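J.: What follows is target_32.txt, compact mmCIF, C-alpha atoms and all ligand atoms.
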# COMPACT_ATOMS: atom_id res chain seq x y z
CA MET U 1 0.00 0.00 0.00
CA ILE U 2 1.35 3.38 -0.99
CA SER U 3 0.81 5.80 1.89
CA THR U 4 -1.05 9.05 1.22
CA LEU U 5 1.48 11.02 3.29
CA HIS U 6 5.17 10.66 2.42
CA TYR U 7 7.61 12.33 4.77
CA ILE U 8 10.87 13.40 3.09
CA THR U 9 13.79 13.79 5.49
CA GLN U 10 15.66 17.06 5.76
CA GLU U 11 18.84 17.81 7.67
CA THR U 12 18.85 21.05 9.68
CA ASP U 13 21.33 22.67 12.06
CA LYS U 14 19.40 20.97 14.87
CA GLN U 15 19.01 17.45 13.53
CA THR U 16 20.43 14.80 11.25
CA HIS U 17 18.34 13.03 8.63
CA ALA U 18 17.93 10.07 10.98
CA GLN U 19 16.83 12.32 13.86
CA ALA U 20 14.35 14.01 11.53
CA ALA U 21 13.01 10.59 10.55
CA GLU U 22 12.70 9.58 14.21
CA ALA U 23 10.82 12.75 15.12
CA ALA U 24 8.46 12.35 12.16
CA CYS U 25 7.75 8.67 12.91
CA ARG U 26 7.14 9.49 16.57
CA ALA U 27 4.72 12.20 15.40
CA GLY U 28 2.80 9.73 13.23
CA ALA U 29 4.51 9.48 9.82
CA ASP U 30 4.03 5.98 8.41
CA TRP U 31 6.20 6.51 5.30
CA VAL U 32 9.70 7.99 5.29
CA GLN U 33 11.89 8.76 2.31
CA LEU U 34 15.47 9.26 3.41
CA ARG U 35 16.62 11.98 1.03
CA VAL U 36 20.36 12.36 1.43
CA LYS U 37 22.28 14.45 -1.09
CA ASN U 38 26.01 15.08 -1.47
CA LYS U 39 27.28 12.91 1.37
CA PRO U 40 30.05 10.30 1.24
CA TYR U 41 28.74 6.78 0.61
CA GLU U 42 29.63 5.53 4.11
CA VAL U 43 27.78 8.44 5.77
CA TRP U 44 24.78 7.84 3.51
CA LYS U 45 24.84 4.12 4.34
CA ALA U 46 25.06 4.79 8.10
CA LEU U 47 22.09 7.18 7.88
CA ALA U 48 20.20 4.57 5.85
CA LEU U 49 20.81 1.86 8.46
CA GLN U 50 19.78 4.18 11.31
CA THR U 51 16.64 5.27 9.46
CA LYS U 52 15.74 1.68 8.61
CA SER U 53 15.87 0.65 12.25
CA ILE U 54 13.81 3.71 13.25
CA CYS U 55 11.19 2.87 10.61
CA ARG U 56 11.12 -0.78 11.70
CA HIS U 57 10.59 0.32 15.31
CA TYR U 58 7.61 2.50 14.38
CA GLY U 59 6.26 0.20 11.66
CA SER U 60 6.81 2.86 8.99
CA THR U 61 7.75 2.18 5.38
CA PHE U 62 11.36 3.07 4.62
CA ILE U 63 12.21 4.37 1.15
CA LEU U 64 15.73 5.39 0.16
CA ASN U 65 16.39 8.11 -2.41
CA ASP U 66 18.25 7.64 -5.67
CA ASN U 67 20.37 4.52 -5.02
CA PRO U 68 18.78 1.09 -5.70
CA ALA U 69 22.01 -0.78 -4.88
CA LEU U 70 22.22 0.85 -1.44
CA ALA U 71 18.48 0.26 -0.93
CA ALA U 72 19.09 -3.45 -1.57
CA GLU U 73 22.19 -3.49 0.63
CA VAL U 74 20.48 -1.96 3.67
CA GLY U 75 17.16 -3.77 3.16
CA ALA U 76 15.01 -0.70 2.52
CA ASP U 77 11.37 -1.22 1.56
CA GLY U 78 12.03 0.58 -1.69
CA VAL U 79 13.71 3.35 -3.58
CA HIS U 80 12.65 6.71 -4.97
CA LEU U 81 14.37 7.57 -8.25
CA GLY U 82 14.98 11.17 -9.29
CA LYS U 83 14.82 12.02 -12.98
CA LEU U 84 18.57 11.62 -13.43
CA GLU U 85 18.95 8.35 -11.54
CA MET U 86 18.91 4.72 -12.69
CA ALA U 87 15.99 3.77 -14.95
CA PRO U 88 13.18 2.11 -12.95
CA ALA U 89 13.35 -1.06 -15.06
CA GLU U 90 17.02 -1.46 -14.11
CA ALA U 91 16.22 -0.80 -10.46
CA ARG U 92 13.49 -3.45 -10.63
CA LYS U 93 16.04 -6.04 -11.81
CA LEU U 94 18.20 -5.16 -8.82
CA LEU U 95 15.44 -5.00 -6.21
CA GLY U 96 13.04 -7.71 -7.38
CA PRO U 97 9.27 -7.66 -7.69
CA THR U 98 8.25 -6.97 -4.09
CA LYS U 99 10.20 -3.78 -3.33
CA ILE U 100 8.57 -0.40 -3.88
CA ILE U 101 9.91 1.78 -6.68
CA GLY U 102 8.86 5.40 -7.06
CA GLY U 103 9.90 7.94 -9.64
CA THR U 104 9.87 11.68 -10.09
CA ALA U 105 7.74 13.30 -12.80
CA ASN U 106 7.10 16.84 -13.96
CA THR U 107 4.92 16.16 -17.02
CA PHE U 108 2.30 13.70 -18.27
CA GLU U 109 4.96 12.16 -20.53
CA ASP U 110 7.15 11.54 -17.47
CA VAL U 111 4.23 9.78 -15.73
CA LYS U 112 3.61 7.57 -18.79
CA ARG U 113 7.29 6.69 -19.12
CA LEU U 114 7.58 5.82 -15.42
CA LEU U 115 4.46 3.67 -15.62
CA GLU U 116 5.87 1.79 -18.62
CA GLN U 117 9.08 1.28 -16.65
CA GLY U 118 7.18 -0.42 -13.84
CA VAL U 119 7.19 2.08 -10.96
CA ASP U 120 4.70 1.61 -8.12
CA TYR U 121 4.02 5.30 -7.56
CA VAL U 122 4.91 8.66 -9.05
CA GLY U 123 6.03 11.81 -7.23
CA LEU U 124 4.71 14.67 -9.37
CA GLY U 125 6.01 18.17 -8.81
CA PRO U 126 6.95 20.73 -7.88
CA TYR U 127 3.61 22.19 -6.80
CA ARG U 128 5.27 25.49 -5.89
CA PHE U 129 8.74 26.90 -5.29
CA THR U 130 10.66 25.30 -2.46
CA THR U 131 14.19 25.72 -1.17
CA THR U 132 14.33 22.07 -0.10
CA LYS U 133 15.35 20.91 -3.58
CA ASP U 134 17.97 22.38 -5.90
CA ASN U 135 17.44 22.52 -9.66
CA LEU U 136 13.67 22.52 -9.46
CA SER U 137 11.71 21.50 -12.55
CA PRO U 138 9.06 23.97 -13.78
CA ILE U 139 6.44 24.78 -11.14
CA LEU U 140 3.13 23.00 -11.85
CA GLY U 141 0.69 24.85 -9.61
CA LEU U 142 -2.89 23.68 -9.31
CA GLN U 143 -3.42 24.12 -13.05
CA GLY U 144 -0.55 21.78 -13.86
CA TYR U 145 -1.90 19.04 -11.59
CA THR U 146 -5.40 19.46 -12.96
CA ALA U 147 -4.16 19.13 -16.55
CA ILE U 148 -1.82 16.19 -15.94
CA LEU U 149 -4.31 14.25 -13.81
CA GLU U 150 -6.97 14.82 -16.48
CA GLN U 151 -4.59 13.41 -19.10
CA CYS U 152 -3.94 10.42 -16.83
CA SER U 153 -7.62 9.83 -16.35
CA ALA U 154 -8.30 10.07 -20.12
CA ALA U 155 -5.51 7.56 -20.73
CA GLY U 156 -6.83 5.18 -18.04
CA ILE U 157 -3.74 5.68 -15.88
CA THR U 158 -4.52 4.96 -12.24
CA ILE U 159 -1.05 4.68 -10.69
CA PRO U 160 -0.84 6.49 -7.31
CA ILE U 161 0.40 10.04 -7.91
CA VAL U 162 1.83 11.93 -4.98
CA ALA U 163 2.12 15.72 -5.19
CA ILE U 164 5.32 17.32 -3.93
CA GLY U 165 6.99 20.69 -3.56
CA GLY U 166 6.28 23.37 -0.96
CA ILE U 167 3.01 21.73 0.07
CA THR U 168 1.30 22.58 3.35
CA ALA U 169 -1.82 21.17 5.02
CA ALA U 170 -3.83 24.09 3.63
CA ASP U 171 -3.03 23.02 0.05
CA VAL U 172 -4.42 19.52 0.45
CA PRO U 173 -8.14 20.35 0.03
CA LEU U 174 -7.30 22.08 -3.27
CA LEU U 175 -5.01 19.35 -4.55
CA LEU U 176 -7.11 16.29 -3.64
CA PRO U 177 -9.92 16.95 -6.16
CA THR U 178 -7.36 16.84 -9.01
CA GLY U 179 -7.19 13.09 -8.43
CA ILE U 180 -3.85 12.82 -6.63
CA HIS U 181 -3.38 9.87 -4.30
CA GLY U 182 -1.53 11.83 -1.61
CA ILE U 183 1.24 14.30 -0.87
CA ALA U 184 4.94 14.25 -0.06
CA VAL U 185 6.25 16.90 2.31
CA SER U 186 9.43 17.79 4.05
CA SER U 187 9.39 21.34 5.47
CA ALA U 188 5.73 21.26 6.53
CA ILE U 189 6.69 18.54 9.02
CA THR U 190 10.44 19.05 9.62
CA LEU U 191 10.07 22.74 10.47
CA ALA U 192 6.71 22.53 12.27
CA ALA U 193 6.68 23.71 15.88
CA ASN U 194 4.50 20.68 16.63
CA ARG U 195 5.10 17.83 14.20
CA ALA U 196 2.32 15.64 15.56
CA ALA U 197 -0.20 18.46 15.07
CA ALA U 198 1.15 19.13 11.56
CA ILE U 199 0.86 15.46 10.58
CA SER U 200 -2.58 15.09 12.06
CA GLU U 201 -3.83 18.20 10.21
CA ILE U 202 -2.42 16.94 6.91
CA LYS U 203 -3.89 13.46 7.46
CA GLN U 204 -7.26 14.95 8.33
CA ASN U 205 -7.20 17.01 5.14
CA LEU U 206 -6.26 13.89 3.18
CA GLN U 207 -9.50 12.18 4.13
CA PRO U 208 -11.74 12.01 1.05
CA LEU U 209 -14.51 14.58 1.07
CA PRO U 210 -17.95 13.17 1.93
CA GLN U 211 -19.95 12.33 -1.20
CA HIS U 212 -23.11 14.36 -1.77
CA ASN U 213 -26.05 12.83 -3.61
N1 LIG U 301 11.12 17.12 -5.17
C1 LIG U 301 10.39 18.10 -5.68
S1 LIG U 301 10.12 19.32 -4.55
C2 LIG U 301 10.96 18.50 -3.35
C3 LIG U 301 11.45 17.31 -3.86
C4 LIG U 301 12.25 16.33 -3.13
C5 LIG U 301 11.15 19.02 -1.97
C6 LIG U 301 9.96 18.82 -1.09
O1 LIG U 301 10.19 19.41 0.15
P1 LIG U 301 9.26 20.58 0.76
O2 LIG U 301 10.07 21.11 1.90
O3 LIG U 301 8.00 19.92 1.20
O4 LIG U 301 9.07 21.60 -0.33
Let me see the structure of the file written as structure tokens.

T.:
Amino acid sequence: MISTLHYITQETDKQTHAQAAEAACRAGADWVQLRVKNKPYEVWKALALQTKSICRHYGSTFILNDNPALAAEVGADGVHLGKLEMAPAEARKLLGPTKIIGGTANTFEDVKRLLEQGVDYVGLGPYRFTTTKDNLSPILGLQGYTAILEQCSAAGITIPIVAIGGITAADVPLLLPTGIHGIAVSSAITLAANRAAAISEIKQNLQPLPQHN
């Protein structure tokens, strides 16, 4: 099951990636993507092992960014592949059929390509500008999501699509009707004064709206 709320780790001057993961899991995150950039392999691996044991303790899904070989080595539940990383079909050969593979998309064509390559979910973004990621792809905004999700629906594509990029709890009621499966956030949880309250507000907003007859 692909969670509707993906927490993306972020290192700050107060906490390591693993500490951020621990705080988020304690506050109720059931899906963690360890997103380490520009660190030596051994540091990355140590953070991956720490985060895996934290996720196991809390029963959260543990996804590693970018590196399928390291995901296999540390026994992660899956890998999230950026646009410049290994092709999902290659990662699948390495990880086997049961591990989760996600991929990053910015356009409908990206979504289609990822689907053909056998990913389990798509991270579509960015929704708006964010300083969390360098080299951002073009901002999609609500219009972008509406258009891409309409194209998916017309093409019969039902893969879970998770919106990402500068998203806060207040954005969720606007984004959900586009047909997204869920959201991925880093700052809205990492930098929240009260992470449990932030997660619970996001989760509440992720509940489907009641159907009216
Ligand atoms: N990919 C697109 S935007 C982004 C990633 C990893 C960063 C998401 O973090 P935040 O802090 O929720 O904008």

J.: Residues of region 8-126 of chain U that have any atom at most 6 Å from an atom of region 153-177 of chain U: could you tabulate them with the shortest-distance atom pair and the distance in Å to one decimal, using all atoms listed in the file, ordered by chain and increasing number, as a Markdown table?

T.:
| residue | atom | partner | partner_atom | distance |
| --- | --- | --- | --- | --- |
| U:Tyr121 | CA | U:Pro160 | CA | 5.0 |
| U:Val122 | CA | U:Ile161 | CA | 4.9 |
| U:Gly123 | CA | U:Val162 | CA | 4.8 |
| U:Leu124 | CA | U:Ala163 | CA | 5.0 |
| U:Gly125 | CA | U:Ile164 | CA | 5.0 |
| U:Pro126 | CA | U:Gly165 | CA | 4.3 |

J.: Would you write out, as CSV, a table of all residues in chain U that have an atom no more than 10 Å from an atom of ligand LIG 301 (chain U), listing for each the closest atom pair and the distance in Å to one decimal, considering only C-alpha atoms and all ligand atoms and ordering rows by chain and rising residue number?

T.:
residue,atom,partner,partner_atom,distance
U:His6,CA,U:LIG301,O3,9.8
U:Tyr7,CA,U:LIG301,O3,8.4
U:Ile8,CA,U:LIG301,O1,6.7
U:Thr9,CA,U:LIG301,O1,8.5
U:Gln10,CA,U:LIG301,O2,7.9
U:Gln33,CA,U:LIG301,C4,9.3
U:Arg35,CA,U:LIG301,C4,7.4
U:Asn65,CA,U:LIG301,C4,9.2
U:His80,CA,U:LIG301,C4,9.8
U:Gly82,CA,U:LIG301,N1,8.2
U:Thr104,CA,U:LIG301,N1,7.4
U:Ala105,CA,U:LIG301,C1,9.0
U:Asn106,CA,U:LIG301,C1,9.0
U:Gly123,CA,U:LIG301,N1,7.6
U:Leu124,CA,U:LIG301,C1,7.6
U:Gly125,CA,U:LIG301,C1,5.4
U:Pro126,CA,U:LIG301,S1,4.8
U:Tyr127,CA,U:LIG301,S1,7.5
U:Arg128,CA,U:LIG301,O4,7.8
U:Phe129,CA,U:LIG301,O4,7.3
U:Thr130,CA,U:LIG301,O4,4.6
U:Thr131,CA,U:LIG301,O4,6.6
U:Thr132,CA,U:LIG301,C5,4.8
U:Lys133,CA,U:LIG301,C5,4.9
U:Asp134,CA,U:LIG301,C2,8.4
U:Asn135,CA,U:LIG301,C1,9.2
U:Leu136,CA,U:LIG301,C1,6.7
U:Ser137,CA,U:LIG301,C1,7.8
U:Ile139,CA,U:LIG301,S1,9.3
U:Ala163,CA,U:LIG301,C1,8.6
U:Ile164,CA,U:LIG301,S1,5.2
U:Gly165,CA,U:LIG301,S1,3.6
U:Gly166,CA,U:LIG301,O4,3.4
U:Ile167,CA,U:LIG301,O3,5.4
U:Thr168,CA,U:LIG301,O3,7.5
U:Ile183,CA,U:LIG301,O3,9.0
U:Ala184,CA,U:LIG301,O3,6.6
U:Val185,CA,U:LIG301,O3,3.7
U:Ser186,CA,U:LIG301,O3,3.8
U:Ser187,CA,U:LIG301,O2,3.6
U:Ala188,CA,U:LIG301,O3,5.9
U:Ile189,CA,U:LIG301,O3,8.0
U:Thr190,CA,U:LIG301,O2,8.0
U:Leu191,CA,U:LIG301,O2,8.7

J.: What's the 9 Å shell around region 38-48 of chain U, counting only C-alpha atoms, without same-chain residues fewer than 2 positions away, as a VMD selection string?

T.: chain U and resid 16 to 18 34 36 50 to 53 64 70 to 71 73 to 74 76

J.: May I ask which of the residues U:Ser60, U:Thr178, U:Asn67, U:Thr98 is the closest one to Ala27 (chain U), counting only C-alpha atoms?

T.: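 Distance minimum relative to Ala27 (chain U) lands on U:Ser60.
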
J.: Any idea what the distance is between CA of Asn205 (chain U) and CA of Trp31 (chain U)?

T.: 17.0 Å

J.: Between U:His181, U:Arg26, U:Lys37, U:Arg92, single out the one closest to Ala69 (chain U), counting all atoms listed in the file.

T.: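 Smallest distance to Ala69 (chain U) is found for U:Arg92.
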
J.: May I ask for the distance between CA of Leu84 (chain U) and CA of Glu11 (chain U), given in Å to one decimal place?

T.: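 According to the coordinates, CA of Leu84 (chain U) and CA of Glu11 (chain U) are separated by 22.0 Å.
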
J.: Skipping near chain neighbours, those fewer than 2 positions away, what residues fall within 8 Å of Met86 (chain U) using all atoms listed in the file, listed as an MDAnalysis selection string?

T.: chainID U and resid 66:68 81 84 88 90:91

J.: Please produce a file of those selected residues containing C-alpha atoms, as a JSON list (two decimals), in the frame of the given file.

T.:
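Final output, selection.json:
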[["chain", "number", "residue", "atom", "x", "y", "z"],
["U", 66, "ASP", "CA", 18.25, 7.64, -5.67],
["U", 67, "ASN", "CA", 20.37, 4.52, -5.02],
["U", 68, "PRO", "CA", 18.78, 1.09, -5.70],
["U", 81, "LEU", "CA", 14.37, 7.57, -8.25],
["U", 84, "LEU", "CA", 18.57, 11.62, -13.43],
["U", 88, "PRO", "CA", 13.18, 2.11, -12.95],
["U", 90, "GLU", "CA", 17.02, -1.46, -14.11],
["U", 91, "ALA", "CA", 16.22, -0.80, -10.46]]

J.: Have a look at U:Ala21, U:Ala29, U:Ala87, U:Leu115 and name the one nearest to Ala197 (chain U); count only C-alpha atoms.

T.: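 That would be U:Ala29, the residue with the smallest distance to Ala197 (chain U).
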
J.: How many Å lie between CA of Lys99 (chain U) and CA of Gly59 (chain U), rounded to one decimal?

T.: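 Between CA of Lys99 (chain U) and CA of Gly59 (chain U) the gap is 16.0 Å.
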
J.: From the options U:Ile180, U:Ala196, U:Leu5, U:Leu49, which residue's atoms come nearest to Thr146 (chain U), counting all atoms listed in the file?

T.: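 Of U:Ile180, U:Ala196, U:Leu5, U:Leu49, the one nearest Thr146 (chain U), counting all atoms listed in the file, is U:Ile180.
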
J.: Out of U:Ala192, U:Ile63, U:Ala24, U:Leu114, which residue has the shortest atom-to-atom distance to Ile100 (chain U) when counting all atoms listed in the file?

T.: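 Going through U:Ala192, U:Ile63, U:Ala24, U:Leu114 one by one, the smallest distance to Ile100 (chain U) is for U:Ile63.
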
J.: Could you list, as a PyMOL selection string, every residue within 8 Å of Tyr58 (chain U), counting all atoms listed in the file and ignoring same-chain residues fewer than 2 positions away?

T.: chain U and resi 25-26+30+54-56+60

J.: Can you write just those residues out, C-alpha atoms, as a compact mmCIF listing (two decimals), keeping the file's coordinate frame?

T.:
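This is the output file out.txt:
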# COMPACT_ATOMS: atom_id res chain seq x y z
CA CYS U 25 7.75 8.67 12.91
CA ARG U 26 7.14 9.49 16.57
CA ASP U 30 4.03 5.98 8.41
CA ILE U 54 13.81 3.71 13.25
CA CYS U 55 11.19 2.87 10.61
CA ARG U 56 11.12 -0.78 11.70
CA SER U 60 6.81 2.86 8.99

J.: Could you write out as AutoDock Vina command-line options the box around region 132-139 of chain U (axis-aligned, all atoms listed in the file, 3 Å on each side), with centre and edge lengths in Å to one decimal?

T.:
--center_x 12.2 --center_y 22.8 --center_z -6.9 --size_x 17.5 --size_y 9.9 --size_z 19.7
